[in-house]
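A short worksheet on the structure shown next.
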Amino acid sequence: MRKTSTLERIRLLGRAGIDAVATLGRSTVFLLRALFGRSSAGNPLQLLIKQLYSVGVMSLAIIVVSGIFIGMVLSLQGFNILSDYGSEQAVGQMVALTLLRELGPVVTALLFAGRAGSALTAEIGNMKSTEQLSSLEMIGVDPLKYIVAPRLWAGFISMPLLAVIFSVVGIWGGAMVAIDWLGVYEGSFWANMQNSVSFREDVLNGVIKSIVFGFVVTWIAVFQGYDCEPTSEGISRATTKTVVYASLAVLGLDFILTALMFGDF
Amino acid sequence: MQNRTLEIGVGLFLLAGLLALLLLALRVSGLTVGSANDTYKIYAHFENIAGLTVRAKVTMAGVTIGKVTAIDLDRDSYTGRVTLSLDDSVDNLPVDSTASILTAGLLGEKYVGISVGGDEEVLVDGSTIYDTQSSLVLEDLIGKFLLNSVNKDEAK
């Protein structure tokens, strides 16, 4: 009895492993087919613009508002700590580096997963459960090209732009609080920032991070929608999975990317 | 009509993104287009560079004239060799100029200050400044101060 139960556990473990590898394989094949397959129907640019609108433009509001508030909070907190050492003017440098290197890409990716990623999963999952995807296939249109590819590209393009906008708005919010409210001298605020921020190491590395995050979040979101069980329960589970997996992937990847970029080895 | 507003929205979004990147480059990182090309390198050996970092600025009379591009240890003399890249427009520094590591404020960043010498010859690309003044290390200062007070006590 005991022996079979141990064996049974090993079997379950093996099955979980095979499932995980199979999902990974399926999602990779799915991604490659969607990105590099032949286009069949519709004007690809037109489809892309429509998706850019719903993925990118519609996310702008939440990105801008959270950017301003995070910048303002950073500035307040930084000022409190730095004023103990009498170096309040370094607050600009602190806000800019924190936003460009970490908070810009990471918070944008998390918000993006919550705002756009979950919507993508739910939309595609709903199309699948109402059999719109199979009907498309029936009339000879590849849903991977017609439905999936524009959404993937829209995510890839939107995410870096959103992250850059987030950083700019955050720095602006931080500058507003520091200069107008806390009375940091404007000249030294900007000069300190410009002295310490380098375009290649800070700005471009942040952009690279956001490109990677955009890729991963969109991929997870679209694949979860495409792969979900075609029931209302399945869709809800897939949407939850999108947000959880995407957030974990972003935070884990952020550590690896930071170690590679700023770790000095 | 619906399509038109949608396209305008996307266009504005893309423009905003590009504009934001431009703003980050010019306003935040202080990137200046096409001014990074005309520099020349000189070296300075310091006994102690403690706290000086790459990208620190090099000033003369308070005006920034270049930056530190590399710091490494000179194996033969056991000194810190700092590579300074200076603007081409400042090409009349005498060879006996002095380089010193200074601190902006009490706890501020370290930078290199150059004071002019009186020699006829000028520094060219690849030459070395020998007359240097090292960074002020607080621990050394405290150590000297303590030693002094001990000596005084013994003298009594």
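Simple scheme: letters A, B, ... for chains in structure tokens order, numbers from 1 for residues in each chain, numbers from 1 for ligands in the order shown.
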
task: Would you mind listing what lies within 9 Å of region 81-93 of chain B as JSON, numbers by chain, with only C-alpha atoms counted and same-chain residues fewer than 6 positions away left out?
output: {"B": [36, 38, 39, 40, 41, 42, 43, 44, 45, 46, 47, 49, 54, 57, 58, 65, 66, 67, 68, 69, 70, 71, 72, 73, 74, 112, 116, 117, 119, 121, 122, 123, 124]}

task: Using DSSP on the backbone, list every residue of region 25-156 of chain B that comes out as helix (DSSP H, G or I), and give them as a list in words.
output: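 These are the residues in question: Ala25, Leu26, Arg27, Val28, Leu138, Glu139, Asp140, Leu141, Ile142, Gly143, Lys144, Phe145, Leu146, Leu147, Asn148, Ser149, Val150, Asn151, Lys152, Asp153, Glu154 and Ala155 of chain B.
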
Residue selection dump (C-alpha atoms) as a PDB file, in the first residue's frame:
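This went into selection-v2.pdb:
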```
ATOM      1  CA  ALA B  25      18.134  61.774 -23.191  1.00  0.00           C
ATOM      2  CA  LEU B  26      18.472  65.543 -23.267  1.00  0.00           C
ATOM      3  CA  ARG B  27      16.996  66.805 -20.015  1.00  0.00           C
ATOM      4  CA  VAL B  28      17.654  63.976 -17.564  1.00  0.00           C
ATOM      5  CA  LEU B 138      39.076  61.148   6.892  1.00  0.00           C
ATOM      6  CA  GLU B 139      40.481  58.077   8.675  1.00  0.00           C
ATOM      7  CA  ASP B 140      44.094  59.175   8.051  1.00  0.00           C
ATOM      8  CA  LEU B 141      43.287  62.591   9.409  1.00  0.00           C
ATOM      9  CA  ILE B 142      41.752  61.153  12.573  1.00  0.00           C
ATOM     10  CA  GLY B 143      44.723  58.799  12.944  1.00  0.00           C
ATOM     11  CA  LYS B 144      47.183  61.693  12.755  1.00  0.00           C
ATOM     12  CA  PHE B 145      45.142  63.682  15.217  1.00  0.00           C
ATOM     13  CA  LEU B 146      45.096  60.802  17.709  1.00  0.00           C
ATOM     14  CA  LEU B 147      48.826  60.225  17.327  1.00  0.00           C
ATOM     15  CA  ASN B 148      49.443  63.897  17.971  1.00  0.00           C
ATOM     16  CA  SER B 149      47.458  63.905  21.181  1.00  0.00           C
ATOM     17  CA  VAL B 150      49.247  60.759  22.401  1.00  0.00           C
ATOM     18  CA  ASN B 151      52.640  62.380  21.722  1.00  0.00           C
ATOM     19  CA  LYS B 152      51.564  65.455  23.640  1.00  0.00           C
ATOM     20  CA  ASP B 153      50.556  63.355  26.630  1.00  0.00           C
ATOM     21  CA  GLU B 154      53.948  61.618  26.624  1.00  0.00           C
ATOM     22  CA  ALA B 155      55.775  64.932  26.436  1.00  0.00           C
TER      23      ALA B 155
END
```

Contacts of chain B with chain A up to 7 Å, shortest pair per row, only C-alpha atoms, as CSV:
```
residue,atom,partner,partner_atom,distance
B:Leu6,CA,A:Tyr53,CA,6.6
B:Glu7,CA,A:Ile49,CA,6.6
B:Gly9,CA,A:Val57,CA,6.8
B:Val10,CA,A:Tyr53,CA,5.5
B:Phe13,CA,A:Val57,CA,6.1
B:Gly17,CA,A:Leu161,CA,4.6
B:Ala20,CA,A:Ile165,CA,5.5
B:Leu21,CA,A:Val164,CA,6.0
B:Leu24,CA,A:Val168,CA,6.7
B:Ala25,CA,A:Phe199,CA,6.0
B:Val28,CA,A:Gln194,CA,5.4
B:Ser29,CA,A:Gln194,CA,4.7
B:Gly30,CA,A:Gln194,CA,4.8
B:Leu31,CA,A:Phe199,CA,6.5
```

task: Would you please work out which residue, of A:Val29, A:Val21, A:Gly117, A:Leu35, is nearest to Pro150 (chain A) when using only C-alpha atoms?
output: A:Leu35

query: Which polymer residues have any atom within 10 Å of an atom of Asn80 (chain A), counting only C-alpha atoms, with same-chain residues fewer than 6 positions away left out, as a PyMOL selection string?
result: chain A and resi 74+88+91+182

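Rounded to one decimal, CA of Asp254 (chain A) and CA of Val212 (chain A) lie 9.3 Å from each other.
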